[in-house]
>>> print(open('model-v1.txt').read())   # compact mmCIF, C-alpha atoms and all ligand atoms
# COMPACT_ATOMS: atom_id res chain seq x y z
CA MET A 188 38.92 16.16 16.07
CA LEU A 189 36.52 14.68 13.56
CA HIS A 190 38.65 11.57 13.14
CA VAL A 191 38.48 10.91 16.89
CA ILE A 192 34.72 10.66 16.55
CA LEU A 193 34.76 8.85 13.24
CA PHE A 194 37.32 6.19 13.95
CA PRO A 195 35.37 4.14 16.49
CA PHE A 196 32.41 4.18 14.09
CA LEU A 197 34.49 3.08 11.11
CA SER A 198 36.36 0.48 13.06
CA PHE A 199 33.05 -0.92 14.19
CA LEU A 200 32.47 -2.18 10.66
CA PHE A 201 35.88 -3.60 9.85
CA GLY A 202 37.83 -6.21 11.66
CA CYS A 203 40.94 -8.30 12.07
CA ASN A 204 40.45 -11.02 9.63
CA GLU A 205 39.97 -9.39 6.33
CA GLY A 206 41.86 -8.22 3.32
CA ASN A 207 42.82 -4.74 2.27
CA LYS A 208 40.15 -2.31 3.43
CA ASP A 209 41.16 1.02 2.03
CA LYS A 210 37.76 2.47 2.90
CA GLN A 211 38.68 2.67 6.58
CA LYS A 212 42.13 4.14 6.16
CA THR A 213 43.02 7.13 8.22
CA PRO A 214 45.87 9.38 7.10
CA ALA A 215 49.02 8.72 9.12
CA LYS A 216 49.14 12.29 10.46
CA GLN A 217 45.70 11.98 11.93
CA VAL A 218 46.47 8.61 13.51
CA ASN A 219 49.51 10.05 15.24
CA SER A 220 47.46 12.88 16.66
CA VAL A 221 45.03 10.34 18.12
CA ILE A 222 47.87 8.40 19.71
CA LYS A 223 49.35 11.53 21.25
CA VAL A 224 46.15 12.08 23.21
CA ASP A 225 47.24 9.06 25.25
CA THR A 226 50.58 10.02 26.65
CA ILE A 227 52.27 7.44 28.78
CA LYS A 228 52.00 9.81 31.76
CA LYS A 229 48.22 9.44 31.71
CA VAL A 230 48.26 5.65 31.64
CA ASP A 231 46.85 3.83 34.61
CA THR A 232 49.64 2.24 36.61
CA ILE A 233 47.83 -0.31 38.73
CA LYS A 234 49.95 -3.09 40.16
CA ALA A 235 51.31 -5.54 37.59
CA LEU A 236 49.38 -8.80 37.44
CA VAL A 237 50.91 -12.23 37.91
CA SER A 238 50.00 -15.25 35.80
CA THR A 239 50.14 -18.55 37.67
CA PRO A 240 51.34 -21.58 35.64
CA LEU A 241 48.62 -24.12 34.91
CA ASN A 242 48.78 -27.90 35.33
CA TYR A 243 46.83 -29.25 32.37
CA ASP A 244 44.36 -32.08 32.84
CA THR A 245 44.95 -34.40 29.85
CA THR A 246 41.33 -35.59 29.98
CA LYS A 247 40.07 -32.05 29.28
CA LYS A 248 39.83 -29.82 26.23
CA TYR A 249 40.86 -26.22 26.80
CA ILE A 250 38.82 -23.46 25.19
CA TYR A 251 40.30 -19.98 24.76
CA LEU A 252 37.45 -17.61 23.91
CA THR A 253 38.85 -14.38 22.46
CA PHE A 254 37.27 -11.06 21.47
CA ASP A 255 39.13 -8.74 19.09
CA ASP A 256 39.20 -5.02 18.30
CA GLY A 257 37.76 -3.50 21.46
CA PRO A 258 37.14 -1.26 23.15
CA GLN A 259 34.13 -0.72 20.89
CA ASN A 260 30.39 -1.03 20.75
CA GLY A 261 29.70 -4.52 22.09
CA THR A 262 32.73 -4.88 24.37
CA ASP A 263 30.75 -4.21 27.53
CA ALA A 264 28.03 -6.68 26.53
CA CYS A 265 30.63 -9.44 25.99
CA PHE A 266 32.46 -8.56 29.19
CA GLU A 267 29.34 -8.53 31.34
CA LEU A 268 28.11 -11.79 29.81
CA CYS A 269 31.38 -13.62 30.48
CA LYS A 270 31.30 -12.41 34.08
CA LYS A 271 27.66 -13.43 34.48
CA LEU A 272 28.22 -16.91 33.02
CA GLY A 273 31.47 -17.34 34.95
CA VAL A 274 33.69 -18.13 31.96
CA LYS A 275 37.22 -17.01 31.28
CA ALA A 276 37.90 -14.97 28.15
CA THR A 277 40.54 -12.75 26.57
CA PHE A 278 40.05 -9.33 24.99
CA PHE A 279 42.66 -8.36 22.38
CA MET A 280 42.33 -4.58 22.29
CA VAL A 281 43.41 -1.81 19.95
CA GLY A 282 45.21 1.19 21.45
CA ARG A 283 43.63 3.94 19.43
CA HIS A 284 40.12 2.55 19.91
CA ALA A 285 40.40 3.71 23.52
CA ALA A 286 39.76 7.27 22.38
CA THR A 287 37.32 8.54 25.04
CA PRO A 288 37.26 8.42 28.87
CA HIS A 289 34.40 5.90 28.67
CA LEU A 290 36.34 3.57 26.35
CA LYS A 291 39.49 3.94 28.47
CA GLN A 292 37.43 2.94 31.49
CA ILE A 293 36.24 -0.22 29.70
CA VAL A 294 39.89 -1.18 29.12
CA LYS A 295 40.65 -0.63 32.81
CA ASN A 296 37.62 -2.66 33.87
CA ILE A 297 38.80 -5.54 31.72
CA LYS A 298 42.33 -5.36 33.06
CA ASN A 299 41.02 -5.31 36.62
CA ALA A 300 38.84 -8.39 36.02
CA TYR A 301 41.90 -10.67 35.77
CA PRO A 302 42.24 -13.65 36.34
CA GLN A 303 38.77 -14.29 34.89
CA ILE A 304 39.22 -11.85 32.03
CA LEU A 305 42.52 -11.02 30.35
CA LEU A 306 43.50 -7.85 28.51
CA ALA A 307 45.91 -8.46 25.62
CA ASN A 308 47.57 -6.44 22.84
CA HIS A 309 46.07 -6.16 19.35
CA SER A 310 48.25 -3.24 18.15
CA SER A 311 47.82 0.49 18.38
CA THR A 312 46.49 1.22 14.88
CA HIS A 313 45.19 -2.17 13.65
CA ALA A 314 47.54 -1.61 10.70
CA ASN A 315 45.11 1.08 9.46
CA GLY A 316 43.56 -1.87 7.64
CA LYS A 317 46.55 -1.98 5.26
CA TYR A 318 48.09 -5.21 6.41
CA HIS A 319 50.56 -5.80 3.61
CA SER A 320 52.27 -2.44 4.00
CA PHE A 321 52.16 -2.71 7.81
CA TYR A 322 53.98 -6.04 7.94
CA GLN A 323 56.47 -5.04 5.24
CA HIS A 324 57.77 -2.35 7.63
CA GLU A 325 58.52 -4.71 10.48
CA GLN A 326 60.27 -2.27 12.81
CA MET A 327 57.42 0.25 12.59
CA ALA A 328 54.94 -2.57 13.07
CA ALA A 329 56.78 -3.75 16.20
CA GLU A 330 56.72 -0.20 17.58
CA ASP A 331 52.98 -0.06 16.97
CA PHE A 332 52.61 -3.00 19.37
CA TYR A 333 54.98 -1.48 21.95
CA LEU A 334 52.86 1.68 21.95
CA ALA A 335 49.62 -0.26 22.52
CA GLN A 336 51.32 -2.19 25.34
CA LYS A 337 51.95 1.13 27.10
CA THR A 338 48.80 3.09 26.30
CA LEU A 339 46.46 0.20 27.15
CA ASP A 340 48.64 -0.85 30.11
CA VAL A 341 48.60 -4.49 28.94
CA PRO A 342 49.78 -6.76 31.77
CA PHE A 343 51.57 -9.51 29.82
CA LYS A 344 53.55 -9.66 26.60
CA ILE A 345 50.80 -11.32 24.60
CA ILE A 346 49.87 -10.07 21.14
CA ARG A 347 47.50 -11.00 18.37
CA LEU A 348 48.49 -9.68 14.96
CA PRO A 349 45.75 -7.77 13.10
CA GLY A 350 44.47 -9.62 10.04
CA ASN A 351 46.79 -12.58 10.40
CA THR A 352 46.82 -15.80 12.39
CA SER A 353 50.49 -16.11 13.32
CA TRP A 354 51.89 -17.87 16.39
CA VAL A 355 55.03 -17.23 18.40
CA ARG A 356 55.69 -19.12 21.63
CA GLU A 357 58.77 -20.42 23.39
CA GLY A 358 61.03 -21.64 20.61
CA LYS A 359 58.14 -21.99 18.18
CA LEU A 360 57.28 -19.62 15.34
CA ARG A 361 54.46 -20.26 12.91
CA ALA A 362 53.95 -17.37 10.52
CA THR A 363 53.67 -16.47 6.86
CA SER A 364 56.61 -14.94 4.98
CA LEU A 365 54.83 -11.57 5.30
CA THR A 366 54.59 -11.57 9.11
CA LYS A 367 57.73 -13.54 9.94
CA PRO A 368 60.00 -10.44 10.19
CA VAL A 369 57.82 -8.67 12.79
CA CYS A 370 57.26 -11.97 14.62
CA LYS A 371 61.02 -12.41 14.94
CA ILE A 372 61.46 -8.91 16.37
CA LEU A 373 58.62 -9.36 18.84
CA ASP A 374 59.92 -12.81 19.82
CA SER A 375 63.38 -11.38 20.46
CA VAL A 376 61.98 -8.93 23.04
CA GLY A 377 59.90 -11.53 24.85
CA TYR A 378 56.46 -11.28 23.24
CA ASN A 379 54.17 -14.24 22.62
CA ILE A 380 51.86 -14.13 19.61
CA ILE A 381 48.55 -15.94 19.66
CA GLY A 382 46.60 -16.73 16.48
CA TRP A 383 43.31 -18.60 16.32
CA ASP A 384 42.05 -22.06 15.37
CA VAL A 385 38.42 -21.29 14.53
CA GLU A 386 36.60 -18.04 13.84
CA TRP A 387 32.99 -17.13 14.43
CA ASN A 388 32.63 -15.08 11.24
CA PHE A 389 30.78 -11.81 10.89
CA ASN A 390 29.00 -10.12 8.01
CA HIS A 391 31.31 -7.34 6.85
CA LYS A 392 28.44 -4.95 6.14
CA THR A 393 26.40 -5.42 9.28
CA ALA A 394 29.05 -6.87 11.65
CA ASN A 395 26.46 -9.45 12.72
CA PRO A 396 27.49 -13.09 13.29
CA VAL A 397 27.26 -15.36 10.25
CA GLU A 398 26.94 -18.75 11.96
CA SER A 399 24.33 -19.66 14.56
CA PRO A 400 25.56 -20.51 18.07
CA GLU A 401 24.54 -24.15 17.51
CA LYS A 402 26.59 -24.28 14.29
CA MET A 403 29.62 -22.77 16.06
CA ALA A 404 29.35 -25.28 18.91
CA ARG A 405 29.42 -28.05 16.28
CA VAL A 406 32.47 -26.44 14.61
CA VAL A 407 34.24 -26.41 17.98
CA ALA A 408 33.38 -30.06 18.65
CA LYS A 409 34.45 -31.16 15.17
CA THR A 410 37.74 -29.25 15.30
CA LEU A 411 38.57 -30.79 18.67
CA GLU A 412 37.57 -34.24 17.44
CA ASN A 413 39.85 -33.90 14.40
CA ASN A 414 42.62 -32.30 16.47
CA ASP A 415 42.78 -29.59 13.83
CA MET A 416 44.42 -27.03 16.11
CA ASN A 417 47.79 -25.39 16.63
CA VAL A 418 48.22 -27.37 19.88
CA LYS A 419 46.35 -30.61 20.59
CA ASN A 420 43.47 -30.25 23.07
CA HIS A 421 43.80 -26.45 23.11
CA LEU A 422 41.36 -24.53 20.93
CA VAL A 423 41.49 -20.77 20.37
CA ILE A 424 38.22 -19.20 19.18
CA LEU A 425 38.24 -15.80 17.46
CA THR A 426 35.21 -13.53 17.70
CA HIS A 427 34.77 -9.74 17.61
CA ASP A 428 33.06 -7.73 20.35
CA ARG A 429 30.94 -5.75 17.88
CA MET A 430 29.21 -8.90 16.63
CA PHE A 431 27.31 -9.13 19.90
CA ARG A 432 26.38 -5.47 20.49
CA ASN A 433 22.65 -6.02 19.90
CA GLN A 434 20.67 -7.94 22.48
CA ASN A 435 19.60 -10.73 20.12
CA TYR A 436 23.24 -11.40 19.27
CA THR A 437 24.34 -11.07 22.89
CA ASP A 438 21.82 -13.86 23.41
CA SER A 439 23.51 -15.83 20.60
CA LEU A 440 26.83 -15.50 22.40
CA ALA A 441 25.17 -16.60 25.66
CA LYS A 442 23.74 -19.64 23.87
CA PHE A 443 27.14 -20.54 22.40
CA ILE A 444 28.91 -20.26 25.74
CA THR A 445 26.16 -22.25 27.46
CA LEU A 446 26.41 -25.04 24.87
CA LEU A 447 30.16 -25.27 25.46
CA LYS A 448 29.75 -25.10 29.24
CA ASP A 449 27.34 -28.04 29.06
CA ASN A 450 30.24 -30.22 27.89
CA LYS A 451 32.02 -31.11 31.11
CA ASN A 452 35.21 -31.95 29.21
CA TYR A 453 35.65 -28.32 28.20
CA VAL A 454 37.58 -25.88 30.35
CA PHE A 455 37.56 -22.14 29.56
CA GLU A 456 40.93 -20.45 29.97
CA THR A 457 42.59 -17.11 29.28
CA VAL A 458 45.42 -17.13 26.72
CA ASP A 459 48.13 -16.48 29.29
CA HIS A 460 47.59 -20.18 30.08
CA TYR A 461 48.06 -21.33 26.49
CA PRO A 462 50.80 -24.03 26.41
CA GLY A 463 54.43 -23.13 25.91
CA LEU A 464 54.35 -19.36 26.29
CA LYS A 465 57.53 -17.55 27.14
CA LYS A 466 57.89 -16.26 30.67
CA LEU A 467 55.12 -13.73 31.36
CA ASN A 468 56.30 -12.04 34.56
ZN ZN B 501 41.43 -7.15 14.69
>>> encode(input="model-v1.txt", output="structure tokens", more="lines below")
Ligand SMILES: [Zn+2]
Amino acid sequence: MLHVILFPFLSFLFGCNEGNKDKQKTPAKQVNSVIKVDTIKKVDTIKALVSTPLNYDTTKKYIYLTFDDGPQNGTDACFELCKKLGVKATFFMVGRHAATPHLKQIVKNIKNAYPQILLANHSSTHANGKYHSFYQHEQMAAEDFYLAQKTLDVPFKIIRLPGNTSWVREGKLRATSLTKPVCKILDSVGYNIIGWDVEWNFNHKTANPVESPEKMARVVAKTLENNDMNVKNHLVILTHDRMFRNQNYTDSLAKFITLLKDNKNYVFETVDHYPGLKKLN
């Protein structure tokens, strides 16, 4: 059982957007035993959610604030802050991180907060941090996402790949040669894959944010001004829940969101409203 206790701690330090992190690897046997704790029978089966199509206002810029790798230390702080400030956000969660009743409850709370907050799929194992090997075995990788879809009870077929900003929407695939095979499989069974346009980076030793909220607000403005995004006028921001676990950094997140909210041209949305997704219901 030691790995059940250790994994959330280890995963706290390492995230999506990084190279090969052998330090956090967990032997495959142990991972499987963690997954088996969550049998499908135990999964919450609340009523399926329905995503309503959005009519975009061409005078607005759409902001998709996303938090990766929860449930973990910091998820609740981000969740409560988004609710308090009244902004929409998406949590891409990892199946095996939901390893305790408390963490499972956080996942449920997030799912139940739709349409303000969206729960989405960020794999079951986060590739064990070994991204190259994970994506080379595309069928196993696809099954890793199917498992997370069930164990987390994710409402829509929306995925973010661990450690890789690939995109798959209706008729559009944008991926590296490494991730293309799994993207094609996931596309063929109706999944959408959402990458990111800008990242609020974190220090890989402390997990604390690198940029100030003011700097990140400027990055957002500049990226929108230059139209340097996957889809014009639609900006996806990547952050990680654990970056904001301490109060001073929760305050940084609050400052960032407030700065964006002050711009009346910005509209916060959840990623189920990203343009051109395949049918969600
Ligand atoms: Zn991640």
>>> closest_residue(input="model-v1.txt", among="A:Asn433, A:Gln292, A:Asn379, A:Asn260", to="Asn308 (chain A)", atoms="only C-alpha atoms")
A:Asn379
>>> closest_atom_pairs(input="model-v1.txt", of="chain A", to="ligand ZN 501 (chain B)", cutoff="12 Å", atoms="only C-alpha atoms and all ligand atoms", output="Markdown table")
| residue | atom | partner | partner_atom | distance |
| --- | --- | --- | --- | --- |
| A:Ser198 | CA | B:ZN501 | ZN | 9.3 |
| A:Phe199 | CA | B:ZN501 | ZN | 10.5 |
| A:Leu200 | CA | B:ZN501 | ZN | 11.0 |
| A:Phe201 | CA | B:ZN501 | ZN | 8.2 |
| A:Gly202 | CA | B:ZN501 | ZN | 4.8 |
| A:Cys203 | CA | B:ZN501 | ZN | 2.9 |
| A:Asn204 | CA | B:ZN501 | ZN | 6.4 |
| A:Glu205 | CA | B:ZN501 | ZN | 8.8 |
| A:Gly206 | CA | B:ZN501 | ZN | 11.4 |
| A:Thr253 | CA | B:ZN501 | ZN | 10.9 |
| A:Phe254 | CA | B:ZN501 | ZN | 8.9 |
| A:Asp255 | CA | B:ZN501 | ZN | 5.2 |
| A:Asp256 | CA | B:ZN501 | ZN | 4.7 |
| A:Gly257 | CA | B:ZN501 | ZN | 8.5 |
| A:Pro258 | CA | B:ZN501 | ZN | 11.2 |
| A:Gln259 | CA | B:ZN501 | ZN | 11.5 |
| A:Phe278 | CA | B:ZN501 | ZN | 10.6 |
| A:Phe279 | CA | B:ZN501 | ZN | 7.9 |
| A:Met280 | CA | B:ZN501 | ZN | 8.1 |
| A:Val281 | CA | B:ZN501 | ZN | 7.8 |
| A:Gly282 | CA | B:ZN501 | ZN | 11.4 |
| A:His284 | CA | B:ZN501 | ZN | 11.1 |
| A:Ala307 | CA | B:ZN501 | ZN | 11.9 |
| A:Asn308 | CA | B:ZN501 | ZN | 10.2 |
| A:His309 | CA | B:ZN501 | ZN | 6.7 |
| A:Ser310 | CA | B:ZN501 | ZN | 8.6 |
| A:Ser311 | CA | B:ZN501 | ZN | 10.6 |
| A:Thr312 | CA | B:ZN501 | ZN | 9.8 |
| A:His313 | CA | B:ZN501 | ZN | 6.3 |
| A:Ala314 | CA | B:ZN501 | ZN | 9.2 |
| A:Asn315 | CA | B:ZN501 | ZN | 10.4 |
| A:Gly316 | CA | B:ZN501 | ZN | 9.1 |
| A:Lys317 | CA | B:ZN501 | ZN | 11.9 |
| A:Tyr318 | CA | B:ZN501 | ZN | 10.8 |
| A:Ile346 | CA | B:ZN501 | ZN | 11.0 |
| A:Arg347 | CA | B:ZN501 | ZN | 8.1 |
| A:Leu348 | CA | B:ZN501 | ZN | 7.5 |
| A:Pro349 | CA | B:ZN501 | ZN | 4.6 |
| A:Gly350 | CA | B:ZN501 | ZN | 6.1 |
| A:Asn351 | CA | B:ZN501 | ZN | 8.8 |
| A:Thr352 | CA | B:ZN501 | ZN | 10.4 |
| A:Gly382 | CA | B:ZN501 | ZN | 11.0 |
| A:Trp383 | CA | B:ZN501 | ZN | 11.7 |
| A:Glu386 | CA | B:ZN501 | ZN | 11.9 |
| A:Leu425 | CA | B:ZN501 | ZN | 9.6 |
| A:Thr426 | CA | B:ZN501 | ZN | 9.4 |
| A:His427 | CA | B:ZN501 | ZN | 7.7 |
| A:Asp428 | CA | B:ZN501 | ZN | 10.1 |
| A:Arg429 | CA | B:ZN501 | ZN | 11.1 |
>>> atom_distance(input="model-v1.txt", atom1="CA of Val418 (chain A)", atom2="CA of Pro462 (chain A)")
7.8 Å
>>> atom_distance(input="model-v1.txt", atom1="CA of Leu365 (chain A)", atom2="CA of Val385 (chain A)")
21.2 Å
>>> atom_distance(input="model-v1.txt", atom1="CA of Leu268 (chain A)", atom2="CA of Val454 (chain A)")
17.0 Å
>>> residues_around(input="model-v1.txt", residues="Cys370 (chain A)", least_positions_apart="3", cutoff="9 Å", atoms="only C-alpha atoms", output="number ranges by chain")
A: 325, 329, 353-355, 360-362, 366-367, 373-375, 378-380
>>> closest_residue(input="model-v1.txt", among="A:Asn468, A:Leu272, A:Lys448, A:Lys371", to="Leu236 (chain A)", atoms="all atoms listed in the file")
A:Asn468
